[in-house]
$ cat start_12.cif   # mmCIF, C-alpha atoms and all ligand atoms
data_upload
#
loop_
_atom_site.group_PDB
_atom_site.id
_atom_site.type_symbol
_atom_site.label_atom_id
_atom_site.label_comp_id
_atom_site.auth_asym_id
_atom_site.auth_seq_id
_atom_site.Cartn_x
_atom_site.Cartn_y
_atom_site.Cartn_z
ATOM 1 C CA MET A 1 16.304 -12.458 15.284
ATOM 2 C CA PRO A 2 16.942 -10.919 18.728
ATOM 3 C CA ILE A 3 17.481 -7.172 18.961
ATOM 4 C CA GLN A 4 21.125 -6.232 18.571
ATOM 5 C CA GLU A 5 21.705 -4.288 21.777
ATOM 6 C CA THR A 6 23.446 -0.925 21.802
ATOM 7 C CA GLU A 7 24.833 1.130 24.710
ATOM 8 C CA LYS A 8 22.326 3.830 25.495
ATOM 9 C CA ILE A 9 18.643 4.655 25.260
ATOM 10 C CA TRP A 10 17.176 8.139 25.541
ATOM 11 C CA MET A 11 14.443 7.997 28.168
ATOM 12 C CA ASN A 12 12.484 10.968 29.474
ATOM 13 C CA GLY A 13 15.233 13.413 28.618
ATOM 14 C CA LYS A 14 18.215 11.368 29.794
ATOM 15 C CA LEU A 15 20.608 8.947 28.169
ATOM 16 C CA ILE A 16 20.589 5.769 30.199
ATOM 17 C CA ASP A 17 22.128 2.323 29.860
ATOM 18 C CA TRP A 18 20.294 -0.054 27.543
ATOM 19 C CA LYS A 19 19.613 -2.473 30.420
ATOM 20 C CA GLU A 20 18.209 0.278 32.654
ATOM 21 C CA ALA A 21 15.486 1.317 30.215
ATOM 22 C CA LYS A 22 12.693 -0.462 32.122
ATOM 23 C CA ILE A 23 9.066 0.150 33.029
ATOM 24 C CA HIS A 24 6.674 -1.160 35.692
ATOM 25 C CA VAL A 25 4.469 -4.142 34.856
ATOM 26 C CA LEU A 26 1.395 -2.004 35.600
ATOM 27 C CA THR A 27 2.350 0.579 32.991
ATOM 28 C CA HIS A 28 -0.889 1.707 31.347
ATOM 29 C CA ALA A 29 0.349 1.189 27.778
ATOM 30 C CA LEU A 30 1.263 -2.441 28.455
ATOM 31 C CA HIS A 31 -2.332 -3.228 29.386
ATOM 32 C CA TYR A 32 -4.270 -1.028 27.006
ATOM 33 C CA GLY A 33 -2.023 -0.230 24.047
ATOM 34 C CA SER A 34 -2.013 3.440 24.987
ATOM 35 C CA GLY A 35 1.145 4.470 23.216
ATOM 36 C CA VAL A 36 2.241 5.922 19.898
ATOM 37 C CA PHE A 37 5.494 5.240 18.133
ATOM 38 C CA GLU A 38 7.648 5.765 15.082
ATOM 39 C CA GLY A 39 10.083 3.752 13.023
ATOM 40 C CA ILE A 40 12.896 5.705 11.412
ATOM 41 C CA ARG A 41 16.101 4.722 9.649
ATOM 42 C CA CYS A 42 19.534 6.240 9.782
ATOM 43 C CA TYR A 43 21.690 5.470 6.750
ATOM 44 C CA LYS A 44 25.392 5.409 6.135
ATOM 45 C CA THR A 45 25.703 8.079 3.464
ATOM 46 C CA ILE A 46 28.774 9.305 1.605
ATOM 47 C CA ASP A 47 28.727 12.309 3.986
ATOM 48 C CA GLY A 48 28.399 10.217 7.159
ATOM 49 C CA PRO A 49 25.356 8.886 9.037
ATOM 50 C CA ALA A 50 22.097 10.679 8.229
ATOM 51 C CA VAL A 51 18.491 10.172 9.312
ATOM 52 C CA PHE A 52 15.930 9.744 6.542
ATOM 53 C CA ARG A 53 13.081 12.296 6.723
ATOM 54 C CA LEU A 54 13.521 12.739 10.461
ATOM 55 C CA ARG A 55 11.276 15.757 10.878
ATOM 56 C CA GLU A 56 8.371 14.121 9.026
ATOM 57 C CA HIS A 57 8.613 11.081 11.298
ATOM 58 C CA ILE A 58 8.671 13.147 14.480
ATOM 59 C CA GLU A 59 5.805 15.277 13.206
ATOM 60 C CA ARG A 60 3.837 12.091 12.536
ATOM 61 C CA LEU A 61 4.588 10.968 16.110
ATOM 62 C CA PHE A 62 2.997 14.180 17.371
ATOM 63 C CA ALA A 63 0.041 13.740 15.001
ATOM 64 C CA SER A 64 -0.495 10.181 16.295
ATOM 65 C CA ALA A 65 -0.221 11.472 19.878
ATOM 66 C CA LYS A 66 -2.783 14.175 19.205
ATOM 67 C CA LEU A 67 -5.292 11.626 17.906
ATOM 68 C CA HIS A 68 -4.828 9.642 21.116
ATOM 69 C CA LEU A 69 -4.871 12.750 23.324
ATOM 70 C CA ILE A 70 -1.360 12.027 24.519
ATOM 71 C CA ASP A 71 0.495 15.201 25.480
ATOM 72 C CA ILE A 72 4.142 14.715 24.623
ATOM 73 C CA PRO A 73 6.106 16.887 27.068
ATOM 74 C CA TYR A 74 8.746 17.820 24.442
ATOM 75 C CA THR A 75 8.837 19.772 21.212
ATOM 76 C CA VAL A 76 9.395 18.357 17.712
ATOM 77 C CA GLU A 77 12.788 20.071 17.741
ATOM 78 C CA GLU A 78 13.781 18.464 21.043
ATOM 79 C CA LEU A 79 12.882 14.965 19.878
ATOM 80 C CA CYS A 80 14.668 15.439 16.527
ATOM 81 C CA ASN A 81 17.777 16.403 18.466
ATOM 82 C CA ALA A 82 17.311 13.496 20.877
ATOM 83 C CA VAL A 83 17.181 11.054 17.934
ATOM 84 C CA LYS A 84 20.485 12.373 16.602
ATOM 85 C CA GLU A 85 22.032 12.402 20.060
ATOM 86 C CA VAL A 86 21.184 8.769 20.787
ATOM 87 C CA ILE A 87 22.635 7.669 17.409
ATOM 88 C CA ARG A 88 25.816 9.627 18.135
ATOM 89 C CA VAL A 89 26.405 8.224 21.631
ATOM 90 C CA ASN A 90 25.899 4.709 20.335
ATOM 91 C CA ASN A 91 28.425 5.299 17.564
ATOM 92 C CA LEU A 92 26.125 3.915 14.907
ATOM 93 C CA GLU A 93 26.560 4.545 11.216
ATOM 94 C CA GLU A 94 23.383 2.831 10.196
ATOM 95 C CA CYS A 95 20.434 1.892 12.391
ATOM 96 C CA TYR A 96 16.708 1.695 12.975
ATOM 97 C CA ILE A 97 15.287 4.210 15.435
ATOM 98 C CA ARG A 98 12.235 3.602 17.588
ATOM 99 C CA PRO A 99 10.750 6.610 19.385
ATOM 100 C CA ILE A 100 7.777 5.800 21.607
ATOM 101 C CA ALA A 101 5.493 7.954 23.742
ATOM 102 C CA PHE A 102 3.225 6.063 26.107
ATOM 103 C CA ARG A 103 1.031 6.357 29.150
ATOM 104 C CA GLY A 104 3.007 5.220 32.135
ATOM 105 C CA TYR A 105 2.386 3.923 35.636
ATOM 106 C CA GLY A 106 -0.241 5.562 37.837
ATOM 107 C CA GLU A 107 -3.864 4.601 37.627
ATOM 108 C CA MET A 108 -5.433 1.451 36.200
ATOM 109 C CA GLY A 109 -8.584 1.467 34.128
ATOM 110 C CA LEU A 110 -9.647 3.008 30.888
ATOM 111 C CA ASN A 111 -9.358 6.650 31.828
ATOM 112 C CA PRO A 112 -5.696 7.244 31.097
ATOM 113 C CA LEU A 113 -5.680 10.999 31.546
ATOM 114 C CA ASN A 114 -4.009 11.089 34.954
ATOM 115 C CA ASN A 115 -1.118 8.842 33.996
ATOM 116 C CA PRO A 116 2.259 10.343 33.161
ATOM 117 C CA VAL A 117 3.386 10.336 29.527
ATOM 118 C CA GLU A 118 6.793 8.771 29.081
ATOM 119 C CA VAL A 119 8.995 9.114 26.032
ATOM 120 C CA ALA A 120 11.845 6.868 24.953
ATOM 121 C CA ILE A 121 14.061 6.638 21.882
ATOM 122 C CA ALA A 122 16.103 3.531 21.181
ATOM 123 C CA CYS A 123 18.226 2.694 18.172
ATOM 124 C CA TRP A 124 19.951 -0.457 17.027
ATOM 125 C CA PRO A 125 21.149 -2.070 13.796
ATOM 126 C CA TRP A 126 18.177 -3.653 12.025
ATOM 127 C CA GLY A 127 18.793 -5.232 8.634
ATOM 128 C CA THR A 128 16.216 -6.257 6.081
ATOM 129 C CA TYR A 129 12.675 -6.583 7.417
ATOM 130 C CA LEU A 130 11.457 -9.391 5.202
ATOM 131 C CA GLY A 131 14.786 -11.102 4.661
ATOM 132 C CA GLU A 132 17.826 -10.401 2.535
ATOM 133 C CA GLU A 133 16.383 -12.687 -0.112
ATOM 134 C CA GLY A 134 13.007 -10.978 0.007
ATOM 135 C CA VAL A 135 14.467 -7.634 -1.049
ATOM 136 C CA LYS A 136 16.237 -9.320 -3.958
ATOM 137 C CA ILE A 137 13.832 -11.907 -5.325
ATOM 138 C CA GLY A 138 10.538 -10.869 -3.765
ATOM 139 C CA ILE A 139 8.322 -12.340 -1.079
ATOM 140 C CA ARG A 140 5.130 -14.413 -0.932
ATOM 141 C CA ALA A 141 2.090 -12.670 0.532
ATOM 142 C CA LYS A 142 -1.375 -13.757 1.599
ATOM 143 C CA ILE A 143 -4.533 -11.689 1.652
ATOM 144 C CA SER A 144 -5.449 -11.774 5.305
ATOM 145 C CA SER A 145 -8.733 -13.016 6.660
ATOM 146 C CA PHE A 146 -8.392 -10.171 9.185
ATOM 147 C CA GLN A 147 -9.538 -6.749 7.999
ATOM 148 C CA ARG A 148 -7.495 -3.612 8.509
ATOM 149 C CA ILE A 149 -8.837 -1.336 11.274
ATOM 150 C CA ALA A 150 -11.355 1.202 9.990
ATOM 151 C CA PRO A 151 -11.584 4.990 10.502
ATOM 152 C CA ASN A 152 -14.344 4.658 13.116
ATOM 153 C CA ILE A 153 -12.633 1.849 14.976
ATOM 154 C CA LEU A 154 -9.166 3.337 15.459
ATOM 155 C CA PRO A 155 -7.728 6.128 13.293
ATOM 156 C CA PRO A 156 -5.612 4.205 10.743
ATOM 157 C CA THR A 157 -3.369 7.247 10.216
ATOM 158 C CA ALA A 158 -2.128 7.080 13.815
ATOM 159 C CA LYS A 159 0.783 4.843 14.675
ATOM 160 C CA ASN A 160 -0.774 3.648 17.916
ATOM 161 C CA THR A 161 0.810 0.662 19.676
ATOM 162 C CA GLY A 162 -2.575 -0.970 20.398
ATOM 163 C CA GLN A 163 -3.670 -1.034 16.787
ATOM 164 C CA TYR A 164 -0.734 -3.269 15.941
ATOM 165 C CA ALA A 165 -2.642 -6.175 17.524
ATOM 166 C CA ASN A 166 -4.541 -6.116 14.214
ATOM 167 C CA SER A 167 -1.292 -6.204 12.230
ATOM 168 C CA ILE A 168 0.116 -8.975 14.417
ATOM 169 C CA LEU A 169 -2.871 -11.275 13.879
ATOM 170 C CA ALA A 170 -2.571 -10.795 10.119
ATOM 171 C CA LYS A 171 1.178 -11.369 10.240
ATOM 172 C CA ILE A 172 0.941 -14.570 12.303
ATOM 173 C CA GLU A 173 -1.800 -15.938 10.078
ATOM 174 C CA SER A 174 0.332 -15.376 6.986
ATOM 175 C CA LEU A 175 3.370 -17.031 8.574
ATOM 176 C CA LYS A 176 1.418 -20.034 9.857
ATOM 177 C CA CYS A 177 -0.074 -20.475 6.386
ATOM 178 C CA GLY A 178 3.402 -20.598 4.889
ATOM 179 C CA TYR A 179 3.650 -17.051 3.504
ATOM 180 C CA ASP A 180 6.109 -14.274 4.353
ATOM 181 C CA GLU A 181 3.668 -11.434 4.867
ATOM 182 C CA ALA A 182 -0.017 -10.430 4.896
ATOM 183 C CA ILE A 183 -2.001 -7.951 2.821
ATOM 184 C CA LEU A 184 -5.040 -6.508 4.584
ATOM 185 C CA LEU A 185 -8.272 -5.361 2.961
ATOM 186 C CA ASP A 186 -10.067 -2.282 4.265
ATOM 187 C CA TYR A 187 -13.561 -2.406 5.809
ATOM 188 C CA ARG A 188 -15.106 -2.050 2.330
ATOM 189 C CA GLY A 189 -13.095 -4.900 0.840
ATOM 190 C CA PHE A 190 -10.545 -2.827 -1.072
ATOM 191 C CA ILE A 191 -6.802 -3.332 -0.732
ATOM 192 C CA SER A 192 -5.408 -1.403 2.224
ATOM 193 C CA GLU A 193 -1.818 -2.305 3.098
ATOM 194 C CA GLY A 194 0.526 -4.788 4.774
ATOM 195 C CA PRO A 195 0.759 -5.151 8.582
ATOM 196 C CA GLY A 196 3.712 -2.758 8.539
ATOM 197 C CA GLU A 197 4.015 -1.660 4.922
ATOM 198 C CA ASN A 198 2.175 0.247 2.213
ATOM 199 C CA ILE A 199 1.520 -1.485 -1.082
ATOM 200 C CA PHE A 200 1.950 -0.516 -4.739
ATOM 201 C CA ILE A 201 1.125 -2.275 -7.984
ATOM 202 C CA VAL A 202 2.301 -1.705 -11.545
ATOM 203 C CA LYS A 203 0.001 -2.396 -14.505
ATOM 204 C CA ASP A 204 0.861 -1.526 -18.109
ATOM 205 C CA GLY A 205 3.589 0.848 -16.979
ATOM 206 C CA ILE A 206 1.379 2.819 -14.574
ATOM 207 C CA ILE A 207 1.908 2.753 -10.815
ATOM 208 C CA TYR A 208 -1.103 2.476 -8.497
ATOM 209 C CA THR A 209 -1.418 2.619 -4.725
ATOM 210 C CA PRO A 210 -4.449 2.704 -2.399
ATOM 211 C CA PRO A 211 -5.557 6.209 -1.362
ATOM 212 C CA GLU A 212 -5.493 7.562 2.167
ATOM 213 C CA HIS A 213 -9.145 6.709 2.695
ATOM 214 C CA ALA A 214 -8.417 2.994 2.197
ATOM 215 C CA SER A 215 -7.506 2.961 5.920
ATOM 216 C CA ILE A 216 -3.770 3.122 5.285
ATOM 217 C CA LEU A 217 -1.033 4.601 7.401
ATOM 218 C CA LYS A 218 0.266 7.560 5.437
ATOM 219 C CA GLY A 219 3.693 6.075 4.928
ATOM 220 C CA ILE A 220 6.685 8.337 4.597
ATOM 221 C CA THR A 221 8.347 5.765 2.333
ATOM 222 C CA ARG A 222 5.115 5.671 0.307
ATOM 223 C CA ASP A 223 5.296 9.423 -0.077
ATOM 224 C CA SER A 224 8.983 9.200 -1.029
ATOM 225 C CA ILE A 225 8.322 6.509 -3.647
ATOM 226 C CA ILE A 226 5.444 8.505 -5.164
ATOM 227 C CA THR A 227 7.762 11.525 -5.457
ATOM 228 C CA ILE A 228 10.654 9.489 -6.883
ATOM 229 C CA ALA A 229 8.383 7.703 -9.378
ATOM 230 C CA LYS A 230 6.906 10.981 -10.625
ATOM 231 C CA ASP A 231 10.370 12.512 -10.877
ATOM 232 C CA LEU A 232 11.442 9.512 -12.965
ATOM 233 C CA GLY A 233 8.539 10.238 -15.316
ATOM 234 C CA TYR A 234 6.131 7.493 -14.232
ATOM 235 C CA LYS A 235 2.440 8.071 -13.825
ATOM 236 C CA VAL A 236 1.266 7.385 -10.258
ATOM 237 C CA ILE A 237 -2.425 7.002 -9.496
ATOM 238 C CA GLU A 238 -3.885 6.757 -5.996
ATOM 239 C CA LYS A 239 -7.087 4.763 -6.282
ATOM 240 C CA GLU A 240 -9.070 1.912 -4.795
ATOM 241 C CA LEU A 241 -7.600 -1.439 -5.747
ATOM 242 C CA THR A 242 -9.325 -4.807 -5.660
ATOM 243 C CA ARG A 243 -7.776 -8.188 -5.060
ATOM 244 C CA ALA A 244 -8.247 -8.868 -8.783
ATOM 245 C CA ASP A 245 -6.047 -5.813 -9.502
ATOM 246 C CA LEU A 246 -3.408 -7.374 -7.296
ATOM 247 C CA TYR A 247 -3.620 -10.856 -8.790
ATOM 248 C CA THR A 248 -3.376 -9.520 -12.346
ATOM 249 C CA ALA A 249 -0.725 -6.864 -11.703
ATOM 250 C CA ASP A 250 2.559 -6.885 -13.622
ATOM 251 C CA GLU A 251 4.496 -5.947 -10.485
ATOM 252 C CA VAL A 252 3.631 -5.565 -6.804
ATOM 253 C CA PHE A 253 5.799 -4.220 -4.007
ATOM 254 C CA PHE A 254 5.699 -3.083 -0.394
ATOM 255 C CA THR A 255 7.207 0.109 0.993
ATOM 256 C CA GLY A 256 8.030 1.038 4.577
ATOM 257 C CA THR A 257 10.816 2.290 6.783
ATOM 258 C CA ALA A 258 11.653 -1.218 7.934
ATOM 259 C CA ALA A 259 10.685 -2.950 4.645
ATOM 260 C CA GLU A 260 12.181 -0.208 2.422
ATOM 261 C CA VAL A 261 11.152 -1.406 -1.068
ATOM 262 C CA THR A 262 10.347 -5.128 -1.039
ATOM 263 C CA PRO A 263 9.007 -6.829 -4.172
ATOM 264 C CA ILE A 264 6.110 -9.295 -3.879
ATOM 265 C CA ARG A 265 6.361 -12.227 -6.269
ATOM 266 C CA GLU A 266 3.357 -14.314 -5.230
ATOM 267 C CA ILE A 267 -0.031 -13.511 -3.707
ATOM 268 C CA ASP A 268 -2.277 -16.373 -2.572
ATOM 269 C CA ALA A 269 -2.495 -18.847 -5.442
ATOM 270 C CA TYR A 270 -1.232 -16.336 -8.012
ATOM 271 C CA PHE A 271 2.263 -15.916 -9.362
ATOM 272 C CA ILE A 272 2.943 -12.227 -10.035
ATOM 273 C CA GLY A 273 6.496 -12.543 -11.267
ATOM 274 C CA GLU A 274 10.107 -11.875 -10.447
ATOM 275 C CA PRO A 275 10.767 -8.271 -9.344
ATOM 276 C CA GLY A 276 9.893 -6.178 -12.396
ATOM 277 C CA GLU A 277 11.643 -3.340 -14.159
ATOM 278 C CA ILE A 278 9.803 -0.487 -12.450
ATOM 279 C CA THR A 279 10.106 -2.045 -8.995
ATOM 280 C CA ARG A 280 13.828 -2.518 -9.603
ATOM 281 C CA LYS A 281 14.281 1.047 -10.799
ATOM 282 C CA LEU A 282 12.439 2.509 -7.805
ATOM 283 C CA GLN A 283 14.263 0.250 -5.367
ATOM 284 C CA GLU A 284 17.619 1.133 -6.885
ATOM 285 C CA THR A 285 16.890 4.868 -6.845
ATOM 286 C CA PHE A 286 15.623 4.683 -3.269
ATOM 287 C CA PHE A 287 18.855 3.004 -2.122
ATOM 288 C CA GLU A 288 20.981 5.538 -4.023
ATOM 289 C CA ILE A 289 19.083 8.314 -2.264
ATOM 290 C CA THR A 290 19.618 6.752 1.162
ATOM 291 C CA LYS A 291 23.334 6.614 0.422
ATOM 292 C CA GLY A 292 23.243 10.354 -0.228
ATOM 293 C CA LYS A 293 24.212 9.849 -3.848
ATOM 294 C CA ILE A 294 21.492 11.936 -5.465
ATOM 295 C CA GLU A 295 21.864 15.666 -4.862
ATOM 296 C CA LYS A 296 18.213 16.462 -5.430
ATOM 297 C CA TYR A 297 17.051 14.329 -2.502
ATOM 298 C CA LYS A 298 19.726 15.295 -0.005
ATOM 299 C CA LYS A 299 17.056 17.416 1.652
ATOM 300 C CA TRP A 300 15.589 14.139 2.933
ATOM 301 C CA LEU A 301 18.768 13.331 4.844
ATOM 302 C CA ASP A 302 19.470 14.886 8.207
ATOM 303 C CA LYS A 303 23.113 14.545 9.186
ATOM 304 C CA VAL A 304 23.720 13.050 12.595
HETATM 305 N N1 LIG A 401 1.693 0.837 7.237
HETATM 306 C C1 LIG A 401 1.876 0.395 8.513
HETATM 307 C C2 LIG A 401 0.738 -0.246 9.214
HETATM 308 C C3 LIG A 401 3.117 0.562 9.098
HETATM 309 O O1 LIG A 401 3.307 0.136 10.343
HETATM 310 C C4 LIG A 401 4.172 1.163 8.392
HETATM 311 C C5 LIG A 401 5.525 1.334 9.015
HETATM 312 C C6 LIG A 401 3.929 1.616 7.073
HETATM 313 C C7 LIG A 401 2.669 1.439 6.548
HETATM 314 C C8 LIG A 401 4.976 2.338 6.269
HETATM 315 O O2 LIG A 401 5.179 3.632 6.791
HETATM 316 P P1 LIG A 401 6.585 4.370 6.676
HETATM 317 O O3 LIG A 401 7.529 3.660 7.544
HETATM 318 O O4 LIG A 401 6.288 5.752 7.127
HETATM 319 O O5 LIG A 401 6.980 4.307 5.248
HETATM 320 N N2 LIG A 401 5.890 0.291 9.895
HETATM 321 C C9 LIG A 401 6.943 0.495 10.846
HETATM 322 C C10 LIG A 401 6.946 -0.555 11.921
HETATM 323 C C11 LIG A 401 7.317 -1.916 11.480
HETATM 324 C C12 LIG A 401 7.446 -2.859 12.647
HETATM 325 O O6 LIG A 401 7.428 -4.067 12.414
HETATM 326 O O7 LIG A 401 7.617 -2.418 13.780
HETATM 327 C C13 LIG A 401 8.298 0.652 10.165
HETATM 328 O O8 LIG A 401 8.460 0.293 9.014
HETATM 329 O O9 LIG A 401 9.194 1.177 10.821
#
$ encode --input "start_12.cif" --output "structure tokens"
Amino acid sequence: MPIQETEKIWMNGKLIDWKEAKIHVLTHALHYGSGVFEGIRCYKTIDGPAVFRLREHIERLFASAKLHLIDIPYTVEELCNAVKEVIRVNNLEECYIRPIAFRGYGEMGLNPLNNPVEVAIACWPWGTYLGEEGVKIGIRAKISSFQRIAPNILPPTAKNTGQYANSILAKIESLKCGYDEAILLDYRGFISEGPGENIFIVKDGIIYTPPEHASILKGITRDSIITIAKDLGYKVIEKELTRADLYTADEVFFTGTAAEVTPIREIDAYFIGEPGEITRKLQETFFEITKGKIEKYKKWLDKV
């Protein structure tokens, strides 16, 4: 589905028209993937539009930038305010927000240090990531033949534009093979995550998810779901998972800003099941929270 255009984009400190937010074809990041980005959601809550865990996302943007030695010429505070400003001028109640910091036009070649760092923040309405139906009845996933990037290849904890080439190959493979999404294994063969989602399984009432050292991106939705699950009284264990754990799980689901909580009903040749009780409960609670309906988690919502 094409991007649903909005009015303005914040670019290098200014609000400009959507159509004017352009870059040169010799922009460093276009050639070498030298950018870092975030994906954030703003929800329509009972108290008006609010951004979900804004500060954590912007802090992760800076952490990704640090790993790639990209000096963002703004503060966390300034970019948090810019996110809210761009949502306000576009009059959006609910949207997806994409901040990006990248090496711009200047020199070519692999030493990027003399190129300017540009920062942009766009926002637009973006519905369900893996389909309306996917959120309700679950999706079909395939274990990818591509491995997830490893700690000594590219830091998996950074949200670097270039490393998404790995995610894209896995995604395309899964689509061409007739599935909705991929699941990548880490360099040791343990379950890592989806191309743009973290993964959880449920077995005998206990929730499991791969640990940080399984080359995952430390998802903010993952962190939220772990907190919510524990608050609901479930046991959550972060440990290495094998594909056998996945195939024999009672429930499996993805989490992510774009994917939110998406159940997985089939993996490869194995039928896991319709979205289960725990997945449903977590999904339901997550959506209540994003509507601002649960007092305890209002701290996660930053009013626009
Ligand atoms: N792993 C990866 C590789 C990833 O890209 C994401 C987010 C996650 C896990 C979940 O992280 P979090 O959003 O903090 O819960 N993927 C973003 C980009 C998706 C895209 O297609 O673009 C997102 O969900 O915004």
$ residues_around --input "start_12.cif" --residues "A:Ile237" --least-positions-apart "5" --cutoff "12 Å" --atoms "all atoms listed in the file" --output "VMD selection string"
chain A and resid 200 to 203 205 to 211 226 to 227 229 to 230
$ residues_around --input "start_12.cif" --residues "A:Arg280" --least-positions-apart "4" --cutoff "12 Å" --atoms "all atoms listed in the file" --output "compact mmCIF listing (two decimals) with C-alpha atoms, in the frame of the given file"
# COMPACT_ATOMS: atom_id res chain seq x y z
CA VAL A 135 14.47 -7.63 -1.05
CA LYS A 136 16.24 -9.32 -3.96
CA ILE A 137 13.83 -11.91 -5.32
CA GLY A 138 10.54 -10.87 -3.76
CA VAL A 202 2.30 -1.70 -11.54
CA ALA A 229 8.38 7.70 -9.38
CA GLU A 251 4.50 -5.95 -10.48
CA VAL A 252 3.63 -5.56 -6.80
CA PHE A 253 5.80 -4.22 -4.01
CA VAL A 261 11.15 -1.41 -1.07
CA THR A 262 10.35 -5.13 -1.04
CA PRO A 263 9.01 -6.83 -4.17
CA ILE A 264 6.11 -9.30 -3.88
CA GLU A 274 10.11 -11.88 -10.45
CA PRO A 275 10.77 -8.27 -9.34
CA GLY A 276 9.89 -6.18 -12.40
CA GLU A 284 17.62 1.13 -6.88
CA THR A 285 16.89 4.87 -6.84
CA PHE A 286 15.62 4.68 -3.27
CA PHE A 287 18.86 3.00 -2.12
$ residues_around --input "start_12.cif" --residues "A:Pro195" --least-positions-apart "6" --cutoff "8 Å" --atoms "only C-alpha atoms" --output "PyMOL selection string"
chain A and resi 164+166-168+170-171+181-184
$ residues_near_ligand --input "start_12.cif" --ligand "ligand LIG 401 (chain A)" --cutoff "8 Å" --atoms "only C-alpha atoms and all ligand atoms" --output "PyMOL selection string"
chain A and resi 38-41+57+96+98+129+156+159+164+167+193-198+216-223+255-260
$ atom_distance --input "start_12.cif" --atom1 "atom CA of A:Arg140" --atom2 "atom CA of A:Arg265"
5.9 Å
$ resolve_selection --input "start_12.cif" --expression "the PyMOL selection byres (((chain A and resi 88) around 12) and not hetatm)" --output "PDB file with C-alpha atoms, in the coordinates of the input"
ATOM      1  CA  THR A   6      23.446  -0.925  21.802  1.00  0.00           C
ATOM      2  CA  GLU A   7      24.833   1.130  24.710  1.00  0.00           C
ATOM      3  CA  LYS A   8      22.326   3.830  25.495  1.00  0.00           C
ATOM      4  CA  ILE A   9      18.643   4.655  25.260  1.00  0.00           C
ATOM      5  CA  TRP A  10      17.176   8.139  25.541  1.00  0.00           C
ATOM      6  CA  LEU A  15      20.608   8.947  28.169  1.00  0.00           C
ATOM      7  CA  CYS A  42      19.534   6.240   9.782  1.00  0.00           C
ATOM      8  CA  GLY A  48      28.399  10.217   7.159  1.00  0.00           C
ATOM      9  CA  PRO A  49      25.356   8.886   9.037  1.00  0.00           C
ATOM     10  CA  ALA A  50      22.097  10.679   8.229  1.00  0.00           C
ATOM     11  CA  VAL A  51      18.491  10.172   9.312  1.00  0.00           C
ATOM     12  CA  ASN A  81      17.777  16.403  18.466  1.00  0.00           C
ATOM     13  CA  ALA A  82      17.311  13.496  20.877  1.00  0.00           C
ATOM     14  CA  VAL A  83      17.181  11.054  17.934  1.00  0.00           C
ATOM     15  CA  LYS A  84      20.485  12.373  16.602  1.00  0.00           C
ATOM     16  CA  GLU A  85      22.032  12.402  20.060  1.00  0.00           C
ATOM     17  CA  VAL A  86      21.184   8.769  20.787  1.00  0.00           C
ATOM     18  CA  ILE A  87      22.635   7.669  17.409  1.00  0.00           C
ATOM     19  CA  VAL A  89      26.405   8.224  21.631  1.00  0.00           C
ATOM     20  CA  ASN A  90      25.899   4.709  20.335  1.00  0.00           C
ATOM     21  CA  ASN A  91      28.425   5.299  17.564  1.00  0.00           C
ATOM     22  CA  LEU A  92      26.125   3.915  14.907  1.00  0.00           C
ATOM     23  CA  GLU A  93      26.560   4.545  11.216  1.00  0.00           C
ATOM     24  CA  GLU A  94      23.383   2.831  10.196  1.00  0.00           C
ATOM     25  CA  CYS A  95      20.434   1.892  12.391  1.00  0.00           C
ATOM     26  CA  ALA A 122      16.103   3.531  21.181  1.00  0.00           C
ATOM     27  CA  CYS A 123      18.226   2.694  18.172  1.00  0.00           C
ATOM     28  CA  TRP A 124      19.951  -0.457  17.027  1.00  0.00           C
ATOM     29  CA  LYS A 303      23.113  14.545   9.186  1.00  0.00           C
ATOM     30  CA  VAL A 304      23.720  13.050  12.595  1.00  0.00           C
TER      31      VAL A 304
END
$ decode --input "start_12.cif" --residues "stretch 166-174 of chain A" --atoms "N, CA and C atoms" --output "PDB file, in the first residue's frame"
ATOM      1  N   ASN A 166      19.343  -7.207   5.238  1.00  0.00           N
ATOM      2  CA  ASN A 166      19.213  -8.566   5.776  1.00  0.00           C
ATOM      3  C   ASN A 166      17.736  -8.902   6.024  1.00  0.00           C
ATOM      4  N   SER A 167      17.035  -7.982   6.652  1.00  0.00           N
ATOM      5  CA  SER A 167      15.600  -8.178   6.914  1.00  0.00           C
ATOM      6  C   SER A 167      14.799  -8.288   5.618  1.00  0.00           C
ATOM      7  N   ILE A 168      15.173  -7.459   4.638  1.00  0.00           N
ATOM      8  CA  ILE A 168      14.432  -7.433   3.375  1.00  0.00           C
ATOM      9  C   ILE A 168      14.575  -8.751   2.615  1.00  0.00           C
ATOM     10  N   LEU A 169      15.792  -9.309   2.600  1.00  0.00           N
ATOM     11  CA  LEU A 169      15.969 -10.599   1.921  1.00  0.00           C
ATOM     12  C   LEU A 169      15.116 -11.678   2.577  1.00  0.00           C
ATOM     13  N   ALA A 170      15.085 -11.677   3.893  1.00  0.00           N
ATOM     14  CA  ALA A 170      14.276 -12.669   4.624  1.00  0.00           C
ATOM     15  C   ALA A 170      12.791 -12.460   4.328  1.00  0.00           C
ATOM     16  N   LYS A 171      12.387 -11.204   4.332  1.00  0.00           N
ATOM     17  CA  LYS A 171      10.976 -10.879   4.073  1.00  0.00           C
ATOM     18  C   LYS A 171      10.550 -11.333   2.670  1.00  0.00           C
ATOM     19  N   ILE A 172      11.343 -10.960   1.665  1.00  0.00           N
ATOM     20  CA  ILE A 172      11.003 -11.324   0.285  1.00  0.00           C
ATOM     21  C   ILE A 172      10.942 -12.842   0.126  1.00  0.00           C
ATOM     22  N   GLU A 173      11.920 -13.515   0.701  1.00  0.00           N
ATOM     23  CA  GLU A 173      11.921 -14.982   0.605  1.00  0.00           C
ATOM     24  C   GLU A 173      10.623 -15.552   1.168  1.00  0.00           C
ATOM     25  N   SER A 174      10.213 -15.051   2.329  1.00  0.00           N
ATOM     26  CA  SER A 174       8.993 -15.586   2.946  1.00  0.00           C
ATOM     27  C   SER A 174       7.769 -15.307   2.077  1.00  0.00           C
TER      28      SER A 174
END
